[in-house]
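K.L.:
Hey, dropping run.cif in here, mmCIF, C-alpha atoms, pLDDT in the B column; chains and numbers go by the auth columns:
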data_final
#
loop_
_atom_site.group_PDB
_atom_site.id
_atom_site.type_symbol
_atom_site.label_atom_id
_atom_site.label_comp_id
_atom_site.label_asym_id
_atom_site.label_seq_id
_atom_site.Cartn_x
_atom_site.Cartn_y
_atom_site.Cartn_z
_atom_site.B_iso_or_equiv
_atom_site.auth_seq_id
_atom_site.auth_asym_id
ATOM 1 C CA MET A 1 5.258 -25.593 -7.977 94.00 49 A
ATOM 2 C CA ILE A 2 5.142 -21.812 -7.790 97.00 50 A
ATOM 3 C CA LYS A 3 2.021 -20.155 -6.419 98.00 51 A
ATOM 4 C CA VAL A 4 1.013 -16.951 -8.214 98.00 52 A
ATOM 5 C CA GLU A 5 -1.498 -14.694 -6.487 98.00 53 A
ATOM 6 C CA PHE A 6 -3.262 -11.713 -8.050 98.00 54 A
ATOM 7 C CA LEU A 7 -3.886 -8.907 -5.585 98.00 55 A
ATOM 8 C CA GLY A 8 -6.527 -6.221 -5.244 97.00 56 A
ATOM 9 C CA PRO A 9 -8.757 -5.476 -8.228 97.00 57 A
ATOM 10 C CA ILE A 10 -7.381 -8.128 -10.591 97.00 58 A
ATOM 11 C CA GLY A 11 -9.994 -10.450 -9.144 92.00 59 A
ATOM 12 C CA LYS A 12 -8.373 -13.684 -10.263 96.00 60 A
ATOM 13 C CA ALA A 13 -7.968 -16.772 -8.085 96.00 61 A
ATOM 14 C CA PRO A 14 -4.388 -17.892 -7.290 97.00 62 A
ATOM 15 C CA ILE A 15 -2.785 -20.397 -9.667 97.00 63 A
ATOM 16 C CA GLU A 16 0.095 -22.864 -9.383 97.00 64 A
ATOM 17 C CA ILE A 17 2.626 -23.215 -12.176 96.00 65 A
ATOM 18 C CA GLU A 18 6.003 -24.811 -12.854 95.00 66 A
ATOM 19 C CA ALA A 19 8.749 -22.186 -13.256 95.00 67 A
ATOM 20 C CA LYS A 20 12.440 -21.848 -12.402 94.00 68 A
ATOM 21 C CA SER A 21 12.648 -18.065 -12.826 95.00 69 A
ATOM 22 C CA LEU A 22 10.447 -15.019 -13.082 96.00 70 A
ATOM 23 C CA ARG A 23 11.120 -15.032 -16.811 95.00 71 A
ATOM 24 C CA GLU A 24 9.276 -18.354 -17.055 96.00 72 A
ATOM 25 C CA VAL A 25 6.446 -16.974 -14.913 96.00 73 A
ATOM 26 C CA SER A 26 6.203 -14.035 -17.298 96.00 74 A
ATOM 27 C CA GLN A 27 6.023 -16.333 -20.309 95.00 75 A
ATOM 28 C CA LYS A 28 3.211 -18.366 -18.766 96.00 76 A
ATOM 29 C CA LEU A 29 1.171 -15.405 -17.548 96.00 77 A
ATOM 30 C CA LYS A 30 1.379 -13.733 -20.960 96.00 78 A
ATOM 31 C CA GLU A 31 -0.548 -16.706 -22.358 95.00 79 A
ATOM 32 C CA ASP A 32 -3.540 -15.842 -20.133 94.00 80 A
ATOM 33 C CA PRO A 33 -5.958 -13.472 -21.955 94.00 81 A
ATOM 34 C CA SER A 34 -7.455 -12.259 -18.663 93.00 82 A
ATOM 35 C CA LEU A 35 -4.082 -10.726 -17.726 95.00 83 A
ATOM 36 C CA VAL A 36 -3.368 -8.858 -20.972 88.00 84 A
ATOM 37 C CA ASP A 37 -4.530 -5.522 -19.572 91.00 85 A
ATOM 38 C CA TRP A 38 -2.743 -5.976 -16.249 97.00 86 A
ATOM 39 C CA LEU A 39 0.824 -7.183 -16.703 96.00 87 A
ATOM 40 C CA ASP A 40 2.293 -3.921 -18.054 96.00 88 A
ATOM 41 C CA LYS A 41 0.946 -2.004 -15.028 97.00 89 A
ATOM 42 C CA CYS A 42 1.721 -4.512 -12.285 98.00 90 A
ATOM 43 C CA ALA A 43 4.669 -4.775 -9.944 97.00 91 A
ATOM 44 C CA VAL A 44 5.889 -8.132 -8.648 97.00 92 A
ATOM 45 C CA ALA A 45 6.811 -9.555 -5.256 98.00 93 A
ATOM 46 C CA HIS A 46 8.698 -12.782 -4.572 97.00 94 A
ATOM 47 C CA ASN A 47 7.840 -14.263 -1.167 97.00 95 A
ATOM 48 C CA ASP A 48 6.589 -10.799 -0.127 97.00 96 A
ATOM 49 C CA THR A 49 9.719 -8.915 -1.258 96.00 97 A
ATOM 50 C CA MET A 50 9.425 -6.550 -4.231 95.00 98 A
ATOM 51 C CA VAL A 51 11.621 -7.652 -7.167 96.00 99 A
ATOM 52 C CA ASN A 52 12.975 -5.964 -10.289 95.00 100 A
ATOM 53 C CA SER A 53 14.712 -8.730 -12.233 94.00 101 A
ATOM 54 C CA LEU A 54 13.291 -11.427 -14.498 95.00 102 A
ATOM 55 C CA ASP A 55 16.349 -13.503 -13.628 92.00 103 A
ATOM 56 C CA THR A 56 15.145 -13.899 -10.036 90.00 104 A
ATOM 57 C CA PRO A 57 15.571 -17.647 -9.383 91.00 105 A
ATOM 58 C CA LEU A 58 12.590 -19.524 -7.980 96.00 106 A
ATOM 59 C CA GLU A 59 12.343 -22.633 -5.840 96.00 107 A
ATOM 60 C CA ASP A 60 9.557 -25.104 -5.316 96.00 108 A
ATOM 61 C CA GLY A 61 6.988 -23.628 -2.922 97.00 109 A
ATOM 62 C CA ASP A 62 7.840 -19.979 -3.666 98.00 110 A
ATOM 63 C CA ARG A 63 5.064 -17.425 -3.913 97.00 111 A
ATOM 64 C CA ILE A 64 4.757 -14.669 -6.516 98.00 112 A
ATOM 65 C CA SER A 65 2.380 -11.750 -5.962 98.00 113 A
ATOM 66 C CA ILE A 66 1.128 -9.542 -8.779 98.00 114 A
ATOM 67 C CA LEU A 67 0.431 -5.992 -7.530 98.00 115 A
ATOM 68 C CA PRO A 68 -1.699 -3.658 -9.661 98.00 116 A
ATOM 69 C CA PRO A 69 -1.500 0.166 -9.416 98.00 117 A
ATOM 70 C CA VAL A 70 -2.092 1.423 -5.876 97.00 118 A
ATOM 71 C CA CYS A 71 -3.902 4.318 -4.280 96.00 119 A
ATOM 72 C CA GLY A 72 -3.859 4.377 -0.507 93.00 120 A
ATOM 73 C CA GLY A 73 -5.195 7.166 1.598 91.00 121 A
ATOM 74 C CA MET B 1 1.213 0.875 12.103 97.00 126 B
ATOM 75 C CA GLU B 2 -2.412 -0.001 12.673 98.00 127 B
ATOM 76 C CA LEU B 3 -5.259 -1.096 10.412 98.00 128 B
ATOM 77 C CA HIS B 4 -8.909 -0.552 11.313 98.00 129 B
ATOM 78 C CA LEU B 5 -12.107 -1.844 9.760 98.00 130 B
ATOM 79 C CA GLY B 6 -14.050 1.198 8.488 98.00 131 B
ATOM 80 C CA SER B 7 -13.462 4.877 9.336 98.00 132 B
ATOM 81 C CA LEU B 8 -10.628 5.903 11.623 98.00 133 B
ATOM 82 C CA ASP B 9 -11.308 7.479 14.997 98.00 134 B
ATOM 83 C CA THR B 10 -8.744 10.190 14.307 98.00 135 B
ATOM 84 C CA LYS B 11 -9.043 11.975 17.642 97.00 136 B
ATOM 85 C CA GLU B 12 -8.535 8.791 19.627 98.00 137 B
ATOM 86 C CA ILE B 13 -5.541 7.712 17.545 98.00 138 B
ATOM 87 C CA PHE B 14 -3.772 11.090 17.502 97.00 139 B
ATOM 88 C CA SER B 15 -4.399 11.488 21.216 96.00 140 B
ATOM 89 C CA ARG B 16 -2.998 8.044 21.925 98.00 141 B
ATOM 90 C CA TRP B 17 0.084 8.712 19.743 97.00 142 B
ATOM 91 C CA LEU B 18 0.697 11.955 21.658 96.00 143 B
ATOM 92 C CA ASP B 19 0.446 10.093 24.957 97.00 144 B
ATOM 93 C CA GLU B 20 2.836 7.374 23.702 97.00 145 B
ATOM 94 C CA GLU B 21 5.515 9.967 22.971 97.00 146 B
ATOM 95 C CA SER B 22 4.754 12.388 25.792 96.00 147 B
ATOM 96 C CA ASN B 23 8.095 11.704 27.499 96.00 148 B
ATOM 97 C CA SER B 24 10.206 11.055 24.380 96.00 149 B
ATOM 98 C CA ASN B 25 11.550 14.615 24.180 96.00 150 B
ATOM 99 C CA TYR B 26 10.419 15.228 20.598 97.00 151 B
ATOM 100 C CA GLY B 27 10.034 18.925 19.861 97.00 152 B
ATOM 101 C CA ALA B 28 7.834 18.515 16.780 97.00 153 B
ATOM 102 C CA TYR B 29 4.731 16.402 16.108 96.00 154 B
ATOM 103 C CA ILE B 30 3.208 16.753 12.637 97.00 155 B
ATOM 104 C CA PRO B 31 -0.007 14.873 11.911 96.00 156 B
ATOM 105 C CA PHE B 32 -1.554 14.293 8.493 97.00 157 B
ATOM 106 C CA VAL B 33 -5.230 13.442 8.023 97.00 158 B
ATOM 107 C CA GLY B 34 -6.741 12.106 4.813 96.00 159 B
ATOM 108 C CA THR B 35 -10.501 12.665 4.636 97.00 160 B
ATOM 109 C CA ILE B 36 -12.868 11.216 2.026 97.00 161 B
ATOM 110 C CA ARG B 37 -14.385 14.029 -0.041 96.00 162 B
ATOM 111 C CA ALA B 38 -17.836 13.893 -1.617 96.00 163 B
ATOM 112 C CA GLU B 39 -17.228 13.904 -5.379 94.00 164 B
ATOM 113 C CA ASP B 40 -18.498 12.117 -8.487 92.00 165 B
ATOM 114 C CA GLY B 41 -21.511 10.730 -6.647 94.00 166 B
ATOM 115 C CA ILE B 42 -19.553 8.400 -4.365 97.00 167 B
ATOM 116 C CA GLU B 43 -21.026 7.370 -1.032 97.00 168 B
ATOM 117 C CA ALA B 44 -17.797 5.892 0.297 98.00 169 B
ATOM 118 C CA LEU B 45 -14.369 4.661 -0.681 98.00 170 B
ATOM 119 C CA SER B 46 -13.345 1.082 -0.040 98.00 171 B
ATOM 120 C CA PHE B 47 -9.860 -0.359 0.468 98.00 172 B
ATOM 121 C CA ASP B 48 -8.037 -3.658 0.015 97.00 173 B
ATOM 122 C CA ILE B 49 -4.625 -3.990 1.668 98.00 174 B
ATOM 123 C CA TYR B 50 -1.868 -6.557 1.242 97.00 175 B
ATOM 124 C CA GLU B 51 -0.527 -6.537 4.777 97.00 176 B
ATOM 125 C CA PRO B 52 2.780 -8.471 4.461 97.00 177 B
ATOM 126 C CA ILE B 53 4.258 -5.968 1.996 97.00 178 B
ATOM 127 C CA LEU B 54 2.686 -2.954 3.690 98.00 179 B
ATOM 128 C CA GLU B 55 4.365 -4.081 6.910 97.00 180 B
ATOM 129 C CA LYS B 56 7.773 -4.319 5.189 96.00 181 B
ATOM 130 C CA TRP B 57 7.276 -0.940 3.519 97.00 182 B
ATOM 131 C CA PHE B 58 6.471 0.620 6.876 98.00 183 B
ATOM 132 C CA ILE B 59 9.419 -1.018 8.664 97.00 184 B
ATOM 133 C CA ALA B 60 11.753 0.418 5.973 97.00 185 B
ATOM 134 C CA TRP B 61 10.268 3.855 6.643 98.00 186 B
ATOM 135 C CA GLN B 62 10.731 3.471 10.395 98.00 187 B
ATOM 136 C CA GLU B 63 14.416 2.810 9.714 98.00 188 B
ATOM 137 C CA ARG B 64 14.721 5.825 7.404 97.00 189 B
ATOM 138 C CA ALA B 65 13.085 8.025 10.042 98.00 190 B
ATOM 139 C CA LYS B 66 15.296 6.618 12.786 97.00 191 B
ATOM 140 C CA GLU B 67 18.425 7.629 10.836 97.00 192 B
ATOM 141 C CA ARG B 68 17.176 11.206 11.138 96.00 193 B
ATOM 142 C CA GLY B 69 16.272 10.917 14.819 97.00 194 B
ATOM 143 C CA ALA B 70 12.544 10.761 14.061 98.00 195 B
ATOM 144 C CA ILE B 71 9.680 8.278 14.173 98.00 196 B
ATOM 145 C CA VAL B 72 6.710 7.755 11.859 98.00 197 B
ATOM 146 C CA LYS B 73 3.298 6.361 12.707 98.00 198 B
ATOM 147 C CA MET B 74 0.351 5.549 10.509 98.00 199 B
ATOM 148 C CA ALA B 75 -3.156 4.138 10.584 98.00 200 B
ATOM 149 C CA HIS B 76 -5.289 3.060 7.617 98.00 201 B
ATOM 150 C CA SER B 77 -8.776 1.743 7.039 98.00 202 B
ATOM 151 C CA LEU B 78 -9.837 -1.588 5.577 98.00 203 B
ATOM 152 C CA GLY B 79 -13.150 -1.954 3.780 97.00 204 B
ATOM 153 C CA ASP B 80 -15.710 0.810 3.313 98.00 205 B
ATOM 154 C CA VAL B 81 -15.126 4.358 4.568 98.00 206 B
ATOM 155 C CA PRO B 82 -18.025 6.843 4.144 98.00 207 B
ATOM 156 C CA ILE B 83 -17.499 10.360 2.808 98.00 208 B
ATOM 157 C CA HIS B 84 -16.442 13.035 5.302 98.00 209 B
ATOM 158 C CA THR B 85 -14.651 10.498 7.464 98.00 210 B
ATOM 159 C CA SER B 86 -10.971 9.523 7.478 98.00 211 B
ATOM 160 C CA SER B 87 -9.260 6.497 5.964 98.00 212 B
ATOM 161 C CA TYR B 88 -5.602 7.418 6.477 98.00 213 B
ATOM 162 C CA ILE B 89 -3.672 9.272 9.103 98.00 214 B
ATOM 163 C CA SER B 90 0.025 9.481 9.738 98.00 215 B
ATOM 164 C CA ALA B 91 2.403 11.471 11.880 97.00 216 B
ATOM 165 C CA VAL B 92 6.057 12.249 12.329 98.00 217 B
ATOM 166 C CA PHE B 93 7.731 13.011 15.633 98.00 218 B
ATOM 167 C CA SER B 94 11.201 14.531 15.571 97.00 219 B
ATOM 168 C CA PRO B 95 13.480 16.534 17.819 96.00 220 B
ATOM 169 C CA LYS B 96 13.134 19.652 15.626 94.00 221 B
ATOM 170 C CA ARG B 97 10.513 20.830 13.139 95.00 222 B
ATOM 171 C CA ARG B 98 12.556 20.814 9.916 96.00 223 B
ATOM 172 C CA VAL B 99 13.094 17.044 9.839 96.00 224 B
ATOM 173 C CA ALA B 100 9.430 16.426 10.672 96.00 225 B
ATOM 174 C CA LEU B 101 8.210 18.786 7.930 97.00 226 B
ATOM 175 C CA GLU B 102 10.426 17.114 5.346 97.00 227 B
ATOM 176 C CA LEU B 103 9.661 13.577 6.463 97.00 228 B
ATOM 177 C CA ILE B 104 5.879 13.940 6.487 97.00 229 B
ATOM 178 C CA ASP B 105 6.068 15.107 2.862 97.00 230 B
ATOM 179 C CA GLU B 106 8.334 12.250 1.762 97.00 231 B
ATOM 180 C CA PHE B 107 6.457 9.658 3.794 97.00 232 B
ATOM 181 C CA VAL B 108 2.968 10.576 2.543 96.00 233 B
ATOM 182 C CA GLU B 109 4.104 10.825 -1.090 95.00 234 B
ATOM 183 C CA ASP B 110 5.855 7.455 -0.990 95.00 235 B
ATOM 184 C CA PHE B 111 2.816 6.009 0.758 96.00 236 B
ATOM 185 C CA LYS B 112 0.654 7.091 -2.180 93.00 237 B
ATOM 186 C CA ALA B 113 3.088 5.565 -4.674 92.00 238 B
ATOM 187 C CA ASN B 114 4.212 2.335 -3.048 93.00 239 B
ATOM 188 C CA ALA B 115 1.975 1.188 -0.192 97.00 240 B
ATOM 189 C CA PRO B 116 0.106 -1.923 -1.436 97.00 241 B
ATOM 190 C CA ILE B 117 -3.395 -0.549 -0.971 98.00 242 B
ATOM 191 C CA TRP B 118 -6.166 -0.559 -3.584 98.00 243 B
ATOM 192 C CA LYS B 119 -8.968 1.983 -3.629 98.00 244 B
ATOM 193 C CA TYR B 120 -12.499 1.556 -4.922 98.00 245 B
ATOM 194 C CA ASP B 121 -15.287 4.107 -5.336 98.00 246 B
ATOM 195 C CA VAL B 122 -18.542 2.914 -3.774 98.00 247 B
ATOM 196 C CA ILE B 123 -21.509 4.053 -5.884 97.00 248 B
ATOM 197 C CA ASP B 124 -24.991 2.570 -5.407 95.00 249 B
ATOM 198 C CA GLY B 125 -23.395 -0.056 -3.189 93.00 250 B
ATOM 199 C CA LYS B 126 -20.996 -1.260 -5.918 96.00 251 B
ATOM 200 C CA ARG B 127 -17.191 -1.190 -5.654 96.00 252 B
ATOM 201 C CA ILE B 128 -15.451 0.285 -8.704 97.00 253 B
ATOM 202 C CA TYR B 129 -11.631 0.184 -8.829 98.00 254 B
ATOM 203 C CA ALA B 130 -10.238 3.743 -8.902 97.00 255 B
ATOM 204 C CA GLN B 131 -7.845 2.871 -11.712 96.00 256 B
ATOM 205 C CA ASP B 132 -7.478 6.400 -13.083 95.00 257 B
ATOM 206 C CA ARG B 133 -6.303 7.669 -9.676 95.00 258 B
ATOM 207 C CA SER B 134 -3.948 4.773 -9.005 97.00 259 B
ATOM 208 C CA THR B 135 -0.172 4.704 -9.471 95.00 260 B
ATOM 209 C CA ALA B 136 1.867 1.825 -10.839 96.00 261 B
ATOM 210 C CA MET B 137 4.368 0.732 -8.169 95.00 262 B
ATOM 211 C CA ASP B 138 8.147 0.882 -8.622 92.00 263 B
ATOM 212 C CA GLY B 139 9.171 -1.922 -10.981 94.00 264 B
ATOM 213 C CA ALA B 140 5.766 -2.222 -12.667 96.00 265 B
ATOM 214 C CA GLY B 141 5.682 -3.954 -16.039 97.00 266 B
ATOM 215 C CA LEU B 142 8.412 -6.472 -15.184 96.00 267 B
ATOM 216 C CA LEU B 143 6.367 -9.419 -16.441 95.00 268 B
ATOM 217 C CA SER B 144 4.992 -7.767 -19.599 92.00 269 B
#
Kindly return the structure encoded in the file as structure tokens.
P.N.:
Amino acid sequence: MIKVEFLGPIGKAPIEIEAKSLREVSQKLKEDPSLVDWLDKCAVAHNDTMVNSLDTPLEDGDRISILPPVCGG
Amino acid sequence: MELHLGSLDTKEIFSRWLDEESNSNYGAYIPFVGTIRAEDGIEALSFDIYEPILEKWFIAWQERAKERGAIVKMAHSLGDVPIHTSSYISAVFSPKRRVALELIDEFVEDFKANAPIWKYDVIDGKRIYAQDRSTAMDGAGLLS
């Protein structure tokens, strides 16, 4: 299972899904109406490292973080 | 890097940073202070931070600074920070001023764009995500 956590203002509890790549995570998250307004603005981390490719392979127990737009300071 | 609950004690932190580097032979020390302004009826700002990625972001910046003979330091608040107090401070120490002046600019701008910190206005005790002032991080939209 892959754990997906939604950071900051998204305000959604973590979920666990079956996925072998980020592309599959994308497909599953796009089915969730509560995420429609977030996915196009959010960056993604895989086990706390920022990633830029949907082909990123995933293994059982991996963690994906969804990071909405930031404003520190 | 240090995180504090509530407002930062800027004088204590800057003073301590100066003491830490008092014998390091840096010729330039440039501090930056971010202070919460009173605007749009807010009583405070509030912050969420994702520490694991902030830590990695900061370590990468320490390495970039080191390549130029400099060091960076920063402190940020967690939770509510009332107006007219500070939520973010940073500093660069370097042998000469030019590197420090350039680095503080690059460091603070990248901080605003890529540090995993979320800001909320606090109005009448409610937290409202400051979406219109927030910046999508590098790589945003990957899953859309």
K.L.:
Could you please tell me, as JSON, numbers by chain, which residues of chain B have an atom within 10 Å of chain A when using all atoms listed in the file?
P.N.:
{"B": [158, 159, 160, 161, 170, 172, 173, 174, 175, 176, 177, 178, 179, 180, 181, 182, 200, 201, 202, 211, 212, 213, 214, 215, 233, 236, 237, 238, 239, 240, 241, 242, 243, 244, 245, 252, 253, 254, 255, 256, 257, 258, 259, 260, 261, 262, 263, 264, 265, 266, 267, 268, 269]}
K.L.:
Taking the file as shown, what set of residues would the PyMOL selection byres ((chain B and resi 141-149) around 12) give back, as a PyMOL selection string?
P.N.:
chain B and resi 126-127+134-140+150-156+194-200+214-220
K.L.:
Compile the contact shell of Ile167 of chain B as a list in words: residues with an atom at most 12 Å away, counting only C-alpha atoms, same-chain residues fewer than 3 positions apart removed.
P.N.:
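Once the adjacent positions are removed, what remains is Ile161, Arg162, Ala163, Glu164, Leu170, Ser171, Asp205, Val206, Pro207, Ile208, His209, Tyr245, Asp246, Val247, Ile248, Asp249, Gly250, Lys251, Arg252, Ile253 and Ala255 of chain B.
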K.L.:
Neighbours of Ile50 of chain A within 7 Å (all atoms listed in the file; same-chain residues fewer than 4 positions away dropped), as a ChimeraX atom specification?
P.N.:
/A:64-67,108-111
K.L.:
Write out as AutoDock Vina command-line options an axis-aligned box for segment 129-140 of chain B: all of its atoms listed in the file, 3 Å added on each side, centre and edge lengths in Å with one decimal.
P.N.:
--center_x -8.9 --center_y 5.1 --center_z 14.9 --size_x 16.3 --size_y 19.8 --size_z 18.7
K.L.:
Quick one: pull the distance between atom CA of Val52 of chain A and atom CA of Phe183 of chain B, Å, one decimal.
P.N.:
23.8 Å
K.L.:
Can you tell me how far atom CA of Phe157 of chain B sits from atom CA of Phe232 of chain B, in Å to one decimal?
P.N.:
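Between atom CA of Phe157 of chain B and atom CA of Phe232 of chain B the gap works out to 10.4 Å.
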K.L.:
Which residue is closest to Ala61 of chain A? Choose from A:Glu107, A:His94, A:Ser82, A:Met49 and count all atoms listed in the file.
P.N.:
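Among the listed residues, A:Ser82 lies closest to Ala61 of chain A.
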K.L.:
For a test of reading the model, state the distance in Å between atom CA of Gly59 of chain A and atom CA of Glu168 of chain B, rounded to one decimal.
P.N.:
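Atom CA of Gly59 of chain A sits 22.5 Å away from atom CA of Glu168 of chain B.
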